[in-house]
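Trainee: Just entry_0.pdb, nothing more (PDB, C-alpha atoms and all ligand atoms):
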```
ATOM      1  CA  MET A   1     -21.484  -8.349  12.040  1.00  0.00           C
ATOM      2  CA  GLY A   2     -20.120  -4.976  12.980  1.00  0.00           C
ATOM      3  CA  LEU A   3     -22.192  -2.962  10.533  1.00  0.00           C
ATOM      4  CA  LYS A   4     -22.863   0.545  11.703  1.00  0.00           C
ATOM      5  CA  SER A   5     -25.920   2.440  10.578  1.00  0.00           C
ATOM      6  CA  ASN A   6     -25.111   5.781  12.160  1.00  0.00           C
ATOM      7  CA  GLY A   7     -22.401   6.800   9.670  1.00  0.00           C
ATOM      8  CA  SER A   8     -19.592   6.543  12.175  1.00  0.00           C
ATOM      9  CA  CYS A   9     -16.147   5.382  11.160  1.00  0.00           C
ATOM     10  CA  GLY A  10     -15.616   1.707  11.905  1.00  0.00           C
ATOM     11  CA  GLN A  11     -11.962   2.367  12.733  1.00  0.00           C
ATOM     12  CA  CYS A  12     -11.976   5.459  14.979  1.00  0.00           C
ATOM     13  CA  GLY A  13     -15.644   6.141  15.676  1.00  0.00           C
ATOM     14  CA  ALA A  14     -15.664   9.606  14.086  1.00  0.00           C
ATOM     15  CA  ILE A  15     -19.117  10.546  12.860  1.00  0.00           C
ATOM     16  CA  GLY A  16     -20.042  12.009   9.485  1.00  0.00           C
ATOM     17  CA  GLY A  17     -16.711  11.663   7.710  1.00  0.00           C
ATOM     18  CA  GLY A  18     -18.130  10.151   4.553  1.00  0.00           C
ATOM     19  CA  ALA A  19     -16.352   7.694   2.307  1.00  0.00           C
ATOM     20  CA  GLN A  20     -13.222   9.868   2.031  1.00  0.00           C
ATOM     21  CA  HIS A  21     -12.746   9.645   5.781  1.00  0.00           C
ATOM     22  CA  ILE A  22     -11.660   6.037   5.345  1.00  0.00           C
ATOM     23  CA  LEU A  23      -8.481   7.254   3.653  1.00  0.00           C
ATOM     24  CA  ARG A  24      -7.934  10.188   5.987  1.00  0.00           C
ATOM     25  CA  CYS A  25      -8.786   8.356   9.188  1.00  0.00           C
ATOM     26  CA  LYS A  26      -6.214   8.846  11.928  1.00  0.00           C
ATOM     27  CA  ASN A  27      -5.912   5.061  12.130  1.00  0.00           C
ATOM     28  CA  SER A  28      -4.247   5.056   8.695  1.00  0.00           C
ATOM     29  CA  ASP A  29      -1.638   7.740   9.509  1.00  0.00           C
ATOM     30  CA  ARG A  30       1.050   5.115  10.196  1.00  0.00           C
ATOM     31  CA  LEU A  31       0.315   3.518   6.829  1.00  0.00           C
ATOM     32  CA  TRP A  32       0.700   6.807   4.948  1.00  0.00           C
ATOM     33  CA  SER A  33       3.943   7.497   6.781  1.00  0.00           C
ATOM     34  CA  CYS A  34       5.157   4.088   5.619  1.00  0.00           C
ATOM     35  CA  VAL A  35       4.095   4.859   2.031  1.00  0.00           C
ATOM     36  CA  GLU A  36       6.010   8.136   2.247  1.00  0.00           C
ATOM     37  CA  ARG A  37       9.112   6.234   3.387  1.00  0.00           C
ATOM     38  CA  VAL A  38       8.786   3.786   0.485  1.00  0.00           C
ATOM     39  CA  PHE A  39       8.374   6.677  -1.943  1.00  0.00           C
ATOM     40  CA  GLY A  40      11.358   8.373  -0.327  1.00  0.00           C
ATOM     41  CA  LYS A  41      13.481   5.254  -0.841  1.00  0.00           C
ATOM     42  CA  MET A  42      12.560   5.375  -4.499  1.00  0.00           C
ATOM     43  CA  GLY A  43      13.452   9.044  -4.860  1.00  0.00           C
ATOM     44  CA  ALA A  44       9.881  10.242  -5.270  1.00  0.00           C
ATOM     45  CA  GLY A  45       8.330  13.232  -3.565  1.00  0.00           C
ATOM     46  CA  ALA A  46       6.014  13.180  -0.582  1.00  0.00           C
ATOM     47  CA  VAL A  47       2.469  11.975  -1.091  1.00  0.00           C
ATOM     48  CA  ALA A  48       0.995  12.837   2.281  1.00  0.00           C
ATOM     49  CA  HIS A  49      -1.399  15.476   1.024  1.00  0.00           C
ATOM     50  CA  ASP A  50      -2.227  13.646  -2.145  1.00  0.00           C
ATOM     51  CA  LYS A  51      -3.800  10.630  -0.507  1.00  0.00           C
ATOM     52  CA  ILE A  52      -6.974  10.620  -2.515  1.00  0.00           C
ATOM     53  CA  PHE A  53      -6.788  12.566  -5.768  1.00  0.00           C
ATOM     54  CA  GLY A  54      -3.155  13.377  -6.371  1.00  0.00           C
ATOM     55  CA  LEU A  55      -1.835  10.096  -7.642  1.00  0.00           C
ATOM     56  CA  PRO A  56       1.881  10.098  -8.423  1.00  0.00           C
ATOM     57  CA  ALA A  57       2.748  10.156 -12.104  1.00  0.00           C
ATOM     58  CA  HIS A  58       4.798   7.000 -12.558  1.00  0.00           C
ATOM     59  CA  ALA A  59       3.155   3.572 -12.866  1.00  0.00           C
ATOM     60  CA  ARG A  60       5.499   2.168 -10.200  1.00  0.00           C
ATOM     61  CA  LEU A  61       4.380   4.782  -7.686  1.00  0.00           C
ATOM     62  CA  LYS A  62       0.750   4.285  -8.653  1.00  0.00           C
ATOM     63  CA  THR A  63       1.174   0.565  -8.011  1.00  0.00           C
ATOM     64  CA  ILE A  64       2.587   1.238  -4.547  1.00  0.00           C
ATOM     65  CA  PHE A  65      -0.139   3.799  -3.866  1.00  0.00           C
ATOM     66  CA  CYS A  66      -2.915   1.414  -4.954  1.00  0.00           C
ATOM     67  CA  THR A  67      -1.377  -1.307  -2.777  1.00  0.00           C
ATOM     68  CA  ALA A  68      -1.754   1.076   0.178  1.00  0.00           C
ATOM     69  CA  LEU A  69      -5.377   1.726  -0.789  1.00  0.00           C
ATOM     70  CA  LEU A  70      -5.987  -2.035  -0.820  1.00  0.00           C
ATOM     71  CA  ALA A  71      -4.552  -2.271   2.700  1.00  0.00           C
ATOM     72  CA  VAL A  72      -6.930   0.463   3.881  1.00  0.00           C
ATOM     73  CA  TYR A  73      -9.817  -1.300   2.179  1.00  0.00           C
ATOM     74  CA  GLN A  74      -8.907  -4.636   3.776  1.00  0.00           C
ATOM     75  CA  GLY A  75      -8.788  -2.972   7.204  1.00  0.00           C
ATOM     76  CA  PHE A  76     -12.146  -1.333   6.516  1.00  0.00           C
ATOM     77  CA  LEU A  77     -13.733  -4.626   5.505  1.00  0.00           C
ATOM     78  CA  ARG A  78     -12.422  -6.286   8.653  1.00  0.00           C
ATOM     79  CA  ALA A  79     -13.900  -3.520  10.784  1.00  0.00           C
ATOM     80  CA  VAL A  80     -17.257  -3.712   9.033  1.00  0.00           C
ATOM     81  CA  ASN A  81     -17.496  -7.488   8.948  1.00  0.00           C
ATOM     82  CA  SER A  82     -16.121  -8.391  12.341  1.00  0.00           C
ATOM     83  CA  GLY A  83     -15.986  -5.163  14.321  1.00  0.00           C
ATOM     84  CA  GLN A  84     -12.234  -5.636  14.761  1.00  0.00           C
ATOM     85  CA  THR A  85     -10.459  -2.289  14.467  1.00  0.00           C
ATOM     86  CA  ASP A  86      -6.980  -3.505  15.273  1.00  0.00           C
ATOM     87  CA  SER A  87      -5.847  -4.192  11.696  1.00  0.00           C
ATOM     88  CA  ASP A  88      -2.161  -3.443  11.240  1.00  0.00           C
ATOM     89  CA  LEU A  89      -2.400  -1.536   7.961  1.00  0.00           C
ATOM     90  CA  VAL A  90       1.376  -1.194   7.658  1.00  0.00           C
ATOM     91  CA  LYS A  91       1.793  -4.964   7.974  1.00  0.00           C
ATOM     92  CA  ILE A  92      -0.946  -5.573   5.393  1.00  0.00           C
ATOM     93  CA  PHE A  93       0.596  -2.998   3.031  1.00  0.00           C
ATOM     94  CA  LYS A  94       4.077  -4.469   3.312  1.00  0.00           C
ATOM     95  CA  GLN A  95       2.766  -8.004   2.815  1.00  0.00           C
ATOM     96  CA  LYS A  96       0.795  -7.016  -0.288  1.00  0.00           C
ATOM     97  CA  LEU A  97       3.696  -5.024  -1.746  1.00  0.00           C
ATOM     98  CA  PHE A  98       6.073  -7.898  -1.051  1.00  0.00           C
ATOM     99  CA  GLU A  99       3.716 -10.304  -2.818  1.00  0.00           C
ATOM    100  CA  ARG A 100       3.312  -7.897  -5.744  1.00  0.00           C
ATOM    101  CA  ILE A 101       7.076  -7.507  -6.250  1.00  0.00           C
ATOM    102  CA  TYR A 102       7.841 -11.181  -5.675  1.00  0.00           C
ATOM    103  CA  ILE A 103       5.165 -12.495  -8.029  1.00  0.00           C
ATOM    104  CA  SER A 104       6.154  -9.945 -10.686  1.00  0.00           C
ATOM    105  CA  PHE A 105       9.753 -11.086 -10.287  1.00  0.00           C
ATOM    106  CA  LEU A 106       8.847 -14.758 -10.669  1.00  0.00           C
ATOM    107  CA  VAL A 107       6.763 -14.090 -13.777  1.00  0.00           C
ATOM    108  CA  ALA A 108       9.443 -11.857 -15.307  1.00  0.00           C
ATOM    109  CA  LYS A 109      12.124 -14.444 -14.571  1.00  0.00           C
ATOM    110  CA  SER A 110      10.115 -17.278 -16.104  1.00  0.00           C
ATOM    111  CA  GLU A 111       9.413 -15.181 -19.199  1.00  0.00           C
ATOM    112  CA  ASN A 112      12.990 -13.883 -19.399  1.00  0.00           C
ATOM    113  CA  ARG A 113      11.829 -10.274 -18.943  1.00  0.00           C
ATOM    114  CA  LEU A 114      13.922  -9.194 -15.976  1.00  0.00           C
ATOM    115  CA  THR A 115      15.059  -6.076 -17.846  1.00  0.00           C
ATOM    116  CA  GLN A 116      11.470  -4.836 -18.100  1.00  0.00           C
ATOM    117  CA  PHE A 117      10.874  -5.843 -14.479  1.00  0.00           C
ATOM    118  CA  ASN A 118      13.841  -3.777 -13.322  1.00  0.00           C
ATOM    119  CA  LYS A 119      12.815  -0.861 -15.521  1.00  0.00           C
ATOM    120  CA  PHE A 120       9.308  -0.839 -14.041  1.00  0.00           C
ATOM    121  CA  TRP A 121      10.538  -1.018 -10.437  1.00  0.00           C
ATOM    122  CA  GLY A 122      13.370   1.471 -10.964  1.00  0.00           C
ATOM    123  CA  ASP A 123      16.072  -1.187 -10.582  1.00  0.00           C
ATOM    124  CA  GLY A 124      14.735  -1.901  -7.138  1.00  0.00           C
ATOM    125  CA  VAL A 125      16.155   1.240  -5.586  1.00  0.00           C
ATOM    126  CA  GLY A 126      15.594   0.770  -1.885  1.00  0.00           C
ATOM    127  CA  LEU A 127      13.080  -2.044  -2.316  1.00  0.00           C
ATOM    128  CA  TYR A 128      14.877  -5.102  -3.571  1.00  0.00           C
ATOM    129  CA  LYS A 129      18.132  -6.478  -4.847  1.00  0.00           C
ATOM    130  CA  ILE A 130      18.503  -9.305  -7.332  1.00  0.00           C
ATOM    131  CA  VAL A 131      21.339 -11.659  -6.466  1.00  0.00           C
ATOM    132  CA  ASP A 132      21.968 -14.323  -9.098  1.00  0.00           C
ATOM    133  CA  THR A 133      18.494 -15.773  -9.655  1.00  0.00           C
ATOM    134  CA  ARG A 134      17.068 -14.738  -6.285  1.00  0.00           C
ATOM    135  CA  ILE A 135      15.443 -11.532  -5.141  1.00  0.00           C
ATOM    136  CA  GLU A 136      15.912  -9.957  -1.731  1.00  0.00           C
ATOM    137  CA  ILE A 137      13.019  -7.667  -0.894  1.00  0.00           C
ATOM    138  CA  ARG A 138      13.380  -5.161   1.921  1.00  0.00           C
ATOM    139  CA  LEU A 139      10.430  -2.964   2.690  1.00  0.00           C
TER     140      LEU A 139
HETATM  141 ZN    ZN B 201     -11.852   7.021  11.247  1.00  0.00          ZN
END
```
If you took the structure in this file and wrote it as structure tokens, what would it be?
Ligand SMILES: [Zn+2]
Mentor:
Amino acid sequence: MGLKSNGSCGQCGAIGGGAQHILRCKNSDRLWSCVERVFGKMGAGAVAHDKIFGLPAHARLKTIFCTALLAVYQGFLRAVNSGQTDSDLVKIFKQKLFERIYISFLVAKSENRLTQFNKFWGDGVGLYKIVDTRIEIRL
């Protein structure tokens, strides 16, 4: 186990950052840049300085934001449990967002609710395209 009792960050080794440091850690900068790009594709404003408390207003953006938080949390757990600090947070984020969109699409398609699906995801602007009965997701 890679548990640390001295309060240092499991990702970068910084000491005394507290719980909020996990989100502001320099190791997650690439992830937040990726989240900004995804938000940019969807026509939303920047979120860089709102990482912790300034959640975007729309449910779609909150979903993307929370997916990024889950990626950070997964990387944190890996560091704590195994001492491995090489988690690719961008890869984890993209995988989780892909799964979220794809599963939502499959459920909406099976329940004949693709209109609501498209409304929630903003018609897939920059994220996906529905062709016939398939979905092409590009993150
Ligand atoms: Zn750190």
Trainee: Take every atom of segment 14-17 of chain A listed in the file, pad by 3 Å on each side, and give me the axis-aligned box centre and edge lengths in Å, one decimal, as AutoDock Vina command-line options.
Mentor:
```
--center_x -17.9 --center_y 10.8 --center_z 10.9 --size_x 10.4 --size_y 8.4 --size_z 12.4
```
Trainee: Determine the residue set returned by the PyMOL selection byres (((not hetatm)) within 8 of (chain B and resi 201)) for the present structure, and present it as a list in words.
Mentor: Ser8, Cys9, Gly10, Gln11, Cys12, Gly13, Ala14, Gly17, His21, Ile22, Arg24, Cys25, Lys26 and Asn27 of chain A
Trainee: Distance atom CA of Lys91 of chain A-atom CA of Leu61 of chain A, one decimal place?
Mentor: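 Answer for the atom CA of Lys91 of chain A to atom CA of Leu61 of chain A separation: 18.6 Å.
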Trainee: Please evaluate the PyMOL selection byres (((chain A and resi 137) around 7) and not hetatm) against the structure above and give the resulting residues as an NGL selection string.
Mentor: :A and (98 or 127-129 or 135-136 or 138-139)
Trainee: So that I can see what lies close to Gly126 of chain A, please list as a list in words the residues with an atom at most 7 Å from it, counting all atoms listed in the file and leaving out residues fewer than 2 positions away in the same chain.
Mentor: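 After dropping sequence-adjacent residues, the list is Lys41, Met42, Gly124 and Tyr128 of chain A.
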Trainee: Quote the spacing between atom CA of Leu31 of chain A and atom CA of Val107 of chain A in Å to one decimal place.
Mentor: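 Going from atom CA of Leu31 of chain A over to atom CA of Val107 of chain A, I get 27.9 Å.
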Trainee: Apply the PyMOL selection byres (((chain A and resi 83) around 12) and not hetatm) to the file shown and report the selected residues as a ChimeraX atom specification.
Mentor: /A:1-4,9-13,75-82,84-87
Trainee: What does the distance between atom CA of His58 of chain A and atom CA of Gly18 of chain A come to in Å, to one decimal place?
Mentor: 28.8 Å
Trainee: Counting only C-alpha atoms, which residues come within 12 Å of (-0.3, -2.6, -0.3), with the point read in the file's coordinates, and could you list them as a PDB file with C-alpha atoms, in the frame of the given file?
Mentor:
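Below you can see part-v5.pdb, which holds the result:
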```pdb
ATOM      1  CA  LEU A  31       0.315   3.518   6.829  1.00  0.00           C
ATOM      2  CA  TRP A  32       0.700   6.807   4.948  1.00  0.00           C
ATOM      3  CA  CYS A  34       5.157   4.088   5.619  1.00  0.00           C
ATOM      4  CA  VAL A  35       4.095   4.859   2.031  1.00  0.00           C
ATOM      5  CA  VAL A  38       8.786   3.786   0.485  1.00  0.00           C
ATOM      6  CA  LEU A  61       4.380   4.782  -7.686  1.00  0.00           C
ATOM      7  CA  LYS A  62       0.750   4.285  -8.653  1.00  0.00           C
ATOM      8  CA  THR A  63       1.174   0.565  -8.011  1.00  0.00           C
ATOM      9  CA  ILE A  64       2.587   1.238  -4.547  1.00  0.00           C
ATOM     10  CA  PHE A  65      -0.139   3.799  -3.866  1.00  0.00           C
ATOM     11  CA  CYS A  66      -2.915   1.414  -4.954  1.00  0.00           C
ATOM     12  CA  THR A  67      -1.377  -1.307  -2.777  1.00  0.00           C
ATOM     13  CA  ALA A  68      -1.754   1.076   0.178  1.00  0.00           C
ATOM     14  CA  LEU A  69      -5.377   1.726  -0.789  1.00  0.00           C
ATOM     15  CA  LEU A  70      -5.987  -2.035  -0.820  1.00  0.00           C
ATOM     16  CA  ALA A  71      -4.552  -2.271   2.700  1.00  0.00           C
ATOM     17  CA  VAL A  72      -6.930   0.463   3.881  1.00  0.00           C
ATOM     18  CA  TYR A  73      -9.817  -1.300   2.179  1.00  0.00           C
ATOM     19  CA  GLN A  74      -8.907  -4.636   3.776  1.00  0.00           C
ATOM     20  CA  GLY A  75      -8.788  -2.972   7.204  1.00  0.00           C
ATOM     21  CA  ASP A  88      -2.161  -3.443  11.240  1.00  0.00           C
ATOM     22  CA  LEU A  89      -2.400  -1.536   7.961  1.00  0.00           C
ATOM     23  CA  VAL A  90       1.376  -1.194   7.658  1.00  0.00           C
ATOM     24  CA  LYS A  91       1.793  -4.964   7.974  1.00  0.00           C
ATOM     25  CA  ILE A  92      -0.946  -5.573   5.393  1.00  0.00           C
ATOM     26  CA  PHE A  93       0.596  -2.998   3.031  1.00  0.00           C
ATOM     27  CA  LYS A  94       4.077  -4.469   3.312  1.00  0.00           C
ATOM     28  CA  GLN A  95       2.766  -8.004   2.815  1.00  0.00           C
ATOM     29  CA  LYS A  96       0.795  -7.016  -0.288  1.00  0.00           C
ATOM     30  CA  LEU A  97       3.696  -5.024  -1.746  1.00  0.00           C
ATOM     31  CA  PHE A  98       6.073  -7.898  -1.051  1.00  0.00           C
ATOM     32  CA  GLU A  99       3.716 -10.304  -2.818  1.00  0.00           C
ATOM     33  CA  ARG A 100       3.312  -7.897  -5.744  1.00  0.00           C
ATOM     34  CA  ILE A 101       7.076  -7.507  -6.250  1.00  0.00           C
ATOM     35  CA  LEU A 139      10.430  -2.964   2.690  1.00  0.00           C
TER      36      LEU A 139
END
```
Trainee: Select, from A:Asp29, A:Lys119, A:Gly7, A:Lys109, the residue with the minimum atom-to-atom distance to Ala59 of chain A, counting all atoms listed in the file.
Mentor: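 Of all the options, A:Lys119 lies closest to Ala59 of chain A.
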